[in-house]
Amino acid sequence: MPKIEDVAKKAGVSVTTVSRVLNNRGYISQKTRDKVNQAIKELNYQPNEMARALFRRKSNMIGLIIPDVSHPFFSELTYHLEYYADQQGYKLLLCNSNRNVAKERQYIDMLKKNQVDAIIMGSAVLDVQHYLNLNLPIISFDRTIADDIPIVTSDNFMGGKLAARLLLGNGCQNPAYLCRGIDGPHHQALLASARAKGFEEEFLMAGTKPILFQLEANGEEDSEHENEIVRFLQQYPEVDGIFASSDFVAAEVLQACHRLKRSVPDEIKIIGYDDVKVASLVSPRLSTIRQPIREMSECSIDLIVKQINGEVVPQMNKFPVSLIERETTLSN
């Protein structure tokens with residue numbers, strides 16, 4: 001495997017000159033630049049990216065910490081973030097924390113060692129000081145970490161209100177909001193909690209108090225999640241409309257209704273949140289509140305790159321949501 005010294009010898013220049021060409025540092029004449037590039041091509045020389053990163057003090061890597069890459073929302077989010085990062089010349093270093101404090105701390109240490117240029121936080125169970133001590137550009141996705149860390153989120157409160165209005169318009173008199181519990185000491189910082197507040201406020205104005213039910217977060221098997229929803233529906237047989245905190249939870253509710261032979265949407269109507277692909281793949285297809293994942297991802301990368309370049313960015317970046325009505329709320 002050729003070394004940088006081999007390139008310098010073939011081009012008839014110093015190692016320092018080759019390094020400057022590779023890192024685009026200092027003045028190099030076009031003639032010299034062409035000689036070096038030709039030598040690199042002929043020798044098929046592959047630069048040591050870590051060494052270049054140390055020289056530039058820049059790795060062109062962005063760390064992404066999410067709670068669960070298998071969750072449909074985070075899977076789609078990661079896909080879009082990677083696309084827009086690549087468009088800006090950056091690569092993502094994916095960290096799947098499982099909302100585990102020890103694991104998240106290990107990932108933070110790993111990101112420091114790999115000298116990432118910035119971090120996107122989609123999971124935060126550690127104390128905020130762990131992130132502030134990194135002295136790196138940070139974007140938080142849908143959760144509050146600190147006053148000076150920019151946030152990208154959707155209008156969760158309005159999403160809850162839109163879901164309530166749809167159920168009210170379809171005659172639901174016994175509504176419920178179901179969310180999957182979040183582990184970790186900082187779960188209160190999740191902006192998604194506003195979905196429940198908007199949903200409850202809209203129903204209270206109509207004279208009805210919805211059931212707000214938090215499902216367990218720590219079930220390892222999908223079947224156990226479904227069993228928990230079955231038990232909820234058996235405990236509250238009068239529920240005729242459910243707003244789920246995500247399309248994934250809504251799909252679990254749909255399966256539980258099938259098991260109990262509760263007809264959807266005739267006996268019970270279901271609305272999810274996110275509008276990920278699973279919403280239109282299940283049967284009946286899910287009505288949902290769409291948050292613009294692609295646009296939010298593009299904004300996140302744009303904010304990160306601007307911070308890396310020393311620009312000041314807005315602290316709150318909130319995106320509007322929209323109602324997508326499908327078969328789980330359309331009565332015959």
# chains A, B, ... in the order shown; residues from 1 in each chain; ligands from 1
call {"tool": "residues_around", "arguments": {"residues": "region 163-168 of chain A", "least_positions_apart": "3", "cutoff": "8 Å", "atoms": "only C-alpha atoms", "output": "PyMOL selection string"}}
result
chain A and resi 159-160+171-173+175+199-200+202-203+241+243+269+271+288-289+323+329
call {"tool": "residues_around", "arguments": {"residues": "region 4-18 of chain A", "least_positions_apart": "4", "cutoff": "8 Å", "atoms": "only C-alpha atoms", "output": "PDB file with N, CA and C atoms, in the first residue's frame"}}
result
ATOM      1  N   LEU A  22      -3.572  17.662  -0.105  1.00  0.00           N
ATOM      2  CA  LEU A  22      -4.639  16.796   0.398  1.00  0.00           C
ATOM      3  C   LEU A  22      -5.626  17.541   1.284  1.00  0.00           C
ATOM      4  N   ILE A  28      -0.600  26.676  -3.057  1.00  0.00           N
ATOM      5  CA  ILE A  28       0.087  25.677  -3.891  1.00  0.00           C
ATOM      6  C   ILE A  28      -0.227  26.039  -5.337  1.00  0.00           C
ATOM      7  N   LYS A  35       0.595  17.907 -10.385  1.00  0.00           N
ATOM      8  CA  LYS A  35       1.604  16.846 -10.279  1.00  0.00           C
ATOM      9  C   LYS A  35       1.284  15.907  -9.111  1.00  0.00           C
ATOM     10  N   VAL A  36       0.906  16.502  -7.996  1.00  0.00           N
ATOM     11  CA  VAL A  36       0.589  15.694  -6.813  1.00  0.00           C
ATOM     12  C   VAL A  36      -0.650  14.830  -7.076  1.00  0.00           C
ATOM     13  N   GLN A  38      -1.800  13.810  -9.899  1.00  0.00           N
ATOM     14  CA  GLN A  38      -1.477  12.782 -10.874  1.00  0.00           C
ATOM     15  C   GLN A  38      -0.739  11.618 -10.204  1.00  0.00           C
ATOM     16  N   ALA A  39       0.185  11.945  -9.302  1.00  0.00           N
ATOM     17  CA  ALA A  39       0.921  10.903  -8.569  1.00  0.00           C
ATOM     18  C   ALA A  39      -0.028  10.083  -7.692  1.00  0.00           C
ATOM     19  N   ILE A  40      -0.966  10.755  -7.059  1.00  0.00           N
ATOM     20  CA  ILE A  40      -1.961  10.077  -6.218  1.00  0.00           C
ATOM     21  C   ILE A  40      -2.778   9.105  -7.059  1.00  0.00           C
ATOM     22  N   LEU A  43      -0.555   6.057  -8.314  1.00  0.00           N
ATOM     23  CA  LEU A  43      -0.201   5.135  -7.226  1.00  0.00           C
ATOM     24  C   LEU A  43      -1.429   4.550  -6.526  1.00  0.00           C
ATOM     25  N   TYR A  45      -3.182   6.044  -4.298  1.00  0.00           N
ATOM     26  CA  TYR A  45      -2.941   6.363  -2.887  1.00  0.00           C
ATOM     27  C   TYR A  45      -4.252   6.706  -2.199  1.00  0.00           C
ATOM     28  N   PRO A  47      -5.610   8.380   1.210  1.00  0.00           N
ATOM     29  CA  PRO A  47      -5.204   9.138   2.402  1.00  0.00           C
ATOM     30  C   PRO A  47      -5.758   8.528   3.689  1.00  0.00           C
TER      31      PRO A  47
END
call {"tool": "select_by_dssp", "arguments": {"residues": "region 183-284 of chain A", "states": "strand (DSSP E or B)", "output": "compact mmCIF listing (two decimals) with C-alpha atoms, in the first residue's frame"}}
result
# COMPACT_ATOMS: atom_id res chain seq x y z
CA LEU A 190 -39.80 15.29 25.89
CA ILE A 211 -58.40 8.82 29.79
CA LEU A 212 -54.63 9.44 29.67
CA PHE A 213 -52.87 6.08 29.92
CA GLN A 214 -49.11 5.45 29.91
CA LEU A 215 -48.02 2.03 28.72
CA GLY A 241 -61.74 6.58 20.28
CA ILE A 242 -57.98 6.32 20.84
CA PHE A 243 -55.21 8.78 20.02
CA ALA A 244 -51.84 7.00 20.18
CA LYS A 269 -61.61 4.80 16.09
CA ILE A 270 -57.80 5.07 16.13
CA ILE A 271 -55.43 7.94 15.33
CA GLY A 272 -51.62 7.74 15.37
CA TYR A 273 -48.83 10.33 15.21
CA ASP A 274 -45.87 10.68 12.78
call {"tool": "atom_distance", "arguments": {"atom1": "CA of Ala279 (chain A)", "atom2": "CA of Ala251 (chain A)"}}
result
7.6 Å
call {"tool": "residues_around", "arguments": {"residues": "region 264-268 of chain A", "least_positions_apart": "3", "cutoff": "9 Å", "atoms": "only C-alpha atoms", "output": "NGL selection string"}}
result
:A and (172 or 239-242 or 254 or 257-258 or 284 or 327-332)
call {"tool": "atom_distance", "arguments": {"atom1": "CA of Lys277 (chain A)", "atom2": "CA of Ser297 (chain A)"}}
result
16.3 Å
call {"tool": "residues_around", "arguments": {"residues": "region 82-86 of chain A", "least_positions_apart": "6", "cutoff": "8 Å", "atoms": "only C-alpha atoms", "output": "list in words"}}
result
Leu92, Ser297, Glu298 and Ile301 of chain A
call {"tool": "atom_distance", "arguments": {"atom1": "CA of Val101 (chain A)", "atom2": "CA of Glu228 (chain A)"}}
result
25.6 Å
call {"tool": "residues_around", "arguments": {"residues": "Met296 (chain A)", "least_positions_apart": "3", "cutoff": "10 Å", "atoms": "only C-alpha atoms", "output": "PyMOL selection string"}}
result
chain A and resi 77+80-81+141+152-154+291-293+299-302+317-319
call {"tool": "closest_residue", "arguments": {"among": "A:Asn156, A:Ser19, A:Gln235, A:Ser263", "to": "Arg290 (chain A)", "atoms": "only C-alpha atoms"}}
result
A:Asn156
call {"tool": "residues_around", "arguments": {"residues": "Ile139 (chain A)", "least_positions_apart": "6", "cutoff": "8 Å", "atoms": "only C-alpha atoms", "output": "NGL selection string"}}
result
:A and (119-121 or 149-152 or 300 or 303-304)
call {"tool": "write_last_selection", "arguments": {"atoms": "N, CA and C atoms", "output": "JSON list (two decimals), in the first residue's frame"}}
result
[["chain", "number", "residue", "atom", "x", "y", "z"],
["A", 119, "ILE", "N", -23.08, 16.79, 17.31],
["A", 119, "ILE", "CA", -23.94, 15.69, 17.76],
["A", 119, "ILE", "C", -25.41, 16.09, 17.59],
["A", 120, "ILE", "N", -26.21, 15.14, 17.09],
["A", 120, "ILE", "CA", -27.66, 15.29, 17.07],
["A", 120, "ILE", "C", -28.21, 14.36, 18.14],
["A", 121, "MET", "N", -28.94, 14.94, 19.10],
["A", 121, "MET", "CA", -29.46, 14.17, 20.22],
["A", 121, "MET", "C", -30.93, 13.82, 19.99],
["A", 149, "ILE", "N", -29.16, 25.01, 23.68],
["A", 149, "ILE", "CA", -29.05, 23.94, 22.68],
["A", 149, "ILE", "C", -30.27, 23.98, 21.77],
["A", 150, "PRO", "N", -30.10, 24.25, 20.48],
["A", 150, "PRO", "CA", -31.23, 24.37, 19.55],
["A", 150, "PRO", "C", -32.06, 23.08, 19.49],
["A", 151, "ILE", "N", -33.36, 23.27, 19.28],
["A", 151, "ILE", "CA", -34.31, 22.16, 19.24],
["A", 151, "ILE", "C", -35.00, 22.14, 17.88],
["A", 152, "VAL", "N", -35.19, 20.95, 17.34],
["A", 152, "VAL", "CA", -36.03, 20.75, 16.16],
["A", 152, "VAL", "C", -37.21, 19.88, 16.60],
["A", 300, "SER", "N", -32.35, 20.01, 10.67],
["A", 300, "SER", "CA", -31.39, 19.60, 11.70],
["A", 300, "SER", "C", -29.97, 19.63, 11.17],
["A", 303, "LEU", "N", -28.85, 23.26, 10.56],
["A", 303, "LEU", "CA", -28.50, 23.94, 11.81],
["A", 303, "LEU", "C", -27.14, 23.48, 12.33],
["A", 304, "ILE", "N", -26.88, 22.19, 12.23],
["A", 304, "ILE", "CA", -25.60, 21.64, 12.69],
["A", 304, "ILE", "C", -24.45, 22.23, 11.88]]
call {"tool": "decode", "arguments": {"residues": "region 233-281 of chain A", "atoms": "N, CA and C atoms", "output": "short mmCIF file (atom, residue, chain, number, x, y, z; two decimals), in the first residue's frame"}}
result
data_model
loop_
_atom_site.label_atom_id
_atom_site.label_comp_id
_atom_site.auth_asym_id
_atom_site.auth_seq_id
_atom_site.Cartn_x
_atom_site.Cartn_y
_atom_site.Cartn_z
N LEU A 233 -58.01 -2.19 27.12
CA LEU A 233 -59.33 -2.17 26.45
C LEU A 233 -60.36 -2.99 27.21
N GLN A 234 -59.91 -4.04 27.88
CA GLN A 234 -60.83 -4.83 28.71
C GLN A 234 -61.22 -4.07 29.96
N GLN A 235 -60.29 -3.28 30.50
CA GLN A 235 -60.57 -2.48 31.69
C GLN A 235 -61.48 -1.31 31.38
N TYR A 236 -61.35 -0.77 30.16
CA TYR A 236 -62.17 0.38 29.75
C TYR A 236 -62.93 0.05 28.47
N PRO A 237 -63.92 -0.84 28.55
CA PRO A 237 -64.65 -1.27 27.35
C PRO A 237 -65.47 -0.15 26.70
N GLU A 238 -65.69 0.93 27.44
CA GLU A 238 -66.48 2.04 26.90
C GLU A 238 -65.69 2.93 25.95
N VAL A 239 -64.37 2.81 25.91
CA VAL A 239 -63.54 3.65 25.05
C VAL A 239 -63.93 3.44 23.59
N ASP A 240 -64.25 4.55 22.90
CA ASP A 240 -64.65 4.45 21.49
C ASP A 240 -63.74 5.24 20.55
N GLY A 241 -62.69 5.85 21.10
CA GLY A 241 -61.74 6.58 20.28
C GLY A 241 -60.39 6.65 20.96
N ILE A 242 -59.32 6.31 20.25
CA ILE A 242 -57.98 6.32 20.84
C ILE A 242 -57.03 7.15 19.98
N PHE A 243 -56.32 8.05 20.64
CA PHE A 243 -55.21 8.78 20.02
C PHE A 243 -53.94 8.19 20.60
N ALA A 244 -53.09 7.62 19.75
CA ALA A 244 -51.84 7.00 20.18
C ALA A 244 -50.69 7.96 19.97
N SER A 245 -49.68 7.88 20.82
CA SER A 245 -48.56 8.83 20.77
C SER A 245 -47.67 8.62 19.56
N SER A 246 -47.82 7.51 18.85
CA SER A 246 -47.05 7.25 17.63
C SER A 246 -47.83 6.28 16.76
N ASP A 247 -47.47 6.21 15.49
CA ASP A 247 -48.10 5.24 14.60
C ASP A 247 -47.80 3.82 15.05
N PHE A 248 -46.62 3.62 15.64
CA PHE A 248 -46.23 2.30 16.11
C PHE A 248 -47.17 1.83 17.22
N VAL A 249 -47.46 2.71 18.19
CA VAL A 249 -48.40 2.38 19.26
C VAL A 249 -49.80 2.19 18.68
N ALA A 250 -50.17 3.03 17.71
CA ALA A 250 -51.48 2.92 17.07
C ALA A 250 -51.64 1.56 16.39
N ALA A 251 -50.57 1.08 15.76
CA ALA A 251 -50.61 -0.24 15.11
C ALA A 251 -50.79 -1.34 16.15
N GLU A 252 -50.16 -1.16 17.33
CA GLU A 252 -50.34 -2.13 18.41
C GLU A 252 -51.78 -2.11 18.90
N VAL A 253 -52.38 -0.93 19.00
CA VAL A 253 -53.79 -0.81 19.40
C VAL A 253 -54.68 -1.53 18.39
N LEU A 254 -54.37 -1.36 17.12
CA LEU A 254 -55.15 -1.99 16.05
C LEU A 254 -55.12 -3.52 16.19
N GLN A 255 -53.93 -4.07 16.47
CA GLN A 255 -53.81 -5.52 16.64
C GLN A 255 -54.58 -5.99 17.88
N ALA A 256 -54.54 -5.21 18.94
CA ALA A 256 -55.28 -5.57 20.16
C ALA A 256 -56.79 -5.58 19.88
N CYS A 257 -57.25 -4.63 19.09
CA CYS A 257 -58.67 -4.59 18.73
C CYS A 257 -59.07 -5.82 17.92
N HIS A 258 -58.20 -6.25 17.03
CA HIS A 258 -58.47 -7.46 16.26
C HIS A 258 -58.63 -8.66 17.18
N ARG A 259 -57.75 -8.76 18.17
CA ARG A 259 -57.82 -9.89 19.11
C ARG A 259 -59.12 -9.89 19.90
N LEU A 260 -59.59 -8.70 20.25
CA LEU A 260 -60.81 -8.58 21.05
C LEU A 260 -62.07 -8.51 20.17
N LYS A 261 -61.85 -8.62 18.86
CA LYS A 261 -62.95 -8.53 17.89
C LYS A 261 -63.71 -7.21 18.03
N ARG A 262 -62.95 -6.14 18.33
CA ARG A 262 -63.51 -4.78 18.35
C ARG A 262 -63.37 -4.20 16.95
N SER A 263 -64.45 -3.89 16.29
CA SER A 263 -64.43 -3.43 14.91
C SER A 263 -63.86 -2.01 14.83
N VAL A 264 -62.87 -1.84 13.93
CA VAL A 264 -62.27 -0.53 13.66
C VAL A 264 -62.62 -0.15 12.22
N PRO A 265 -63.27 0.98 12.00
CA PRO A 265 -63.54 2.09 12.94
C PRO A 265 -64.96 2.10 13.51
N ASP A 266 -65.79 1.07 13.26
CA ASP A 266 -67.20 1.14 13.66
C ASP A 266 -67.38 1.22 15.17
N GLU A 267 -66.64 0.38 15.92
CA GLU A 267 -66.77 0.38 17.38
C GLU A 267 -65.75 1.29 18.06
N ILE A 268 -64.60 1.38 17.47
CA ILE A 268 -63.54 2.20 18.06
C ILE A 268 -62.69 2.81 16.95
N LYS A 269 -62.39 4.09 17.09
CA LYS A 269 -61.61 4.80 16.09
C LYS A 269 -60.19 5.04 16.63
N ILE A 270 -59.20 5.00 15.72
CA ILE A 270 -57.80 5.07 16.13
C ILE A 270 -57.06 6.12 15.30
N ILE A 271 -56.27 6.94 15.99
CA ILE A 271 -55.43 7.94 15.33
C ILE A 271 -54.00 7.78 15.86
N GLY A 272 -53.02 7.81 14.97
CA GLY A 272 -51.62 7.74 15.37
C GLY A 272 -50.95 9.10 15.27
N TYR A 273 -49.62 9.10 15.33
CA TYR A 273 -48.83 10.33 15.21
C TYR A 273 -47.52 9.98 14.52
N ASP A 274 -47.13 10.76 13.53
CA ASP A 274 -45.87 10.68 12.78
C ASP A 274 -46.12 10.58 11.28
N ASP A 275 -47.02 9.69 10.87
CA ASP A 275 -47.23 9.33 9.45
C ASP A 275 -45.97 8.71 8.87
N VAL A 276 -45.47 7.68 9.55
CA VAL A 276 -44.39 6.86 8.98
C VAL A 276 -45.02 5.83 8.06
N LYS A 277 -44.20 5.08 7.35
CA LYS A 277 -44.70 4.17 6.31
C LYS A 277 -45.68 3.14 6.84
N VAL A 278 -45.48 2.69 8.09
CA VAL A 278 -46.35 1.66 8.65
C VAL A 278 -47.80 2.12 8.70
N ALA A 279 -48.04 3.43 8.76
CA ALA A 279 -49.40 3.95 8.88
C ALA A 279 -50.27 3.58 7.67
N SER A 280 -49.67 3.54 6.51
CA SER A 280 -50.44 3.21 5.30
C SER A 280 -50.28 1.75 4.88
N LEU A 281 -49.54 0.95 5.66
CA LEU A 281 -49.32 -0.46 5.32
C LEU A 281 -50.22 -1.40 6.11
#
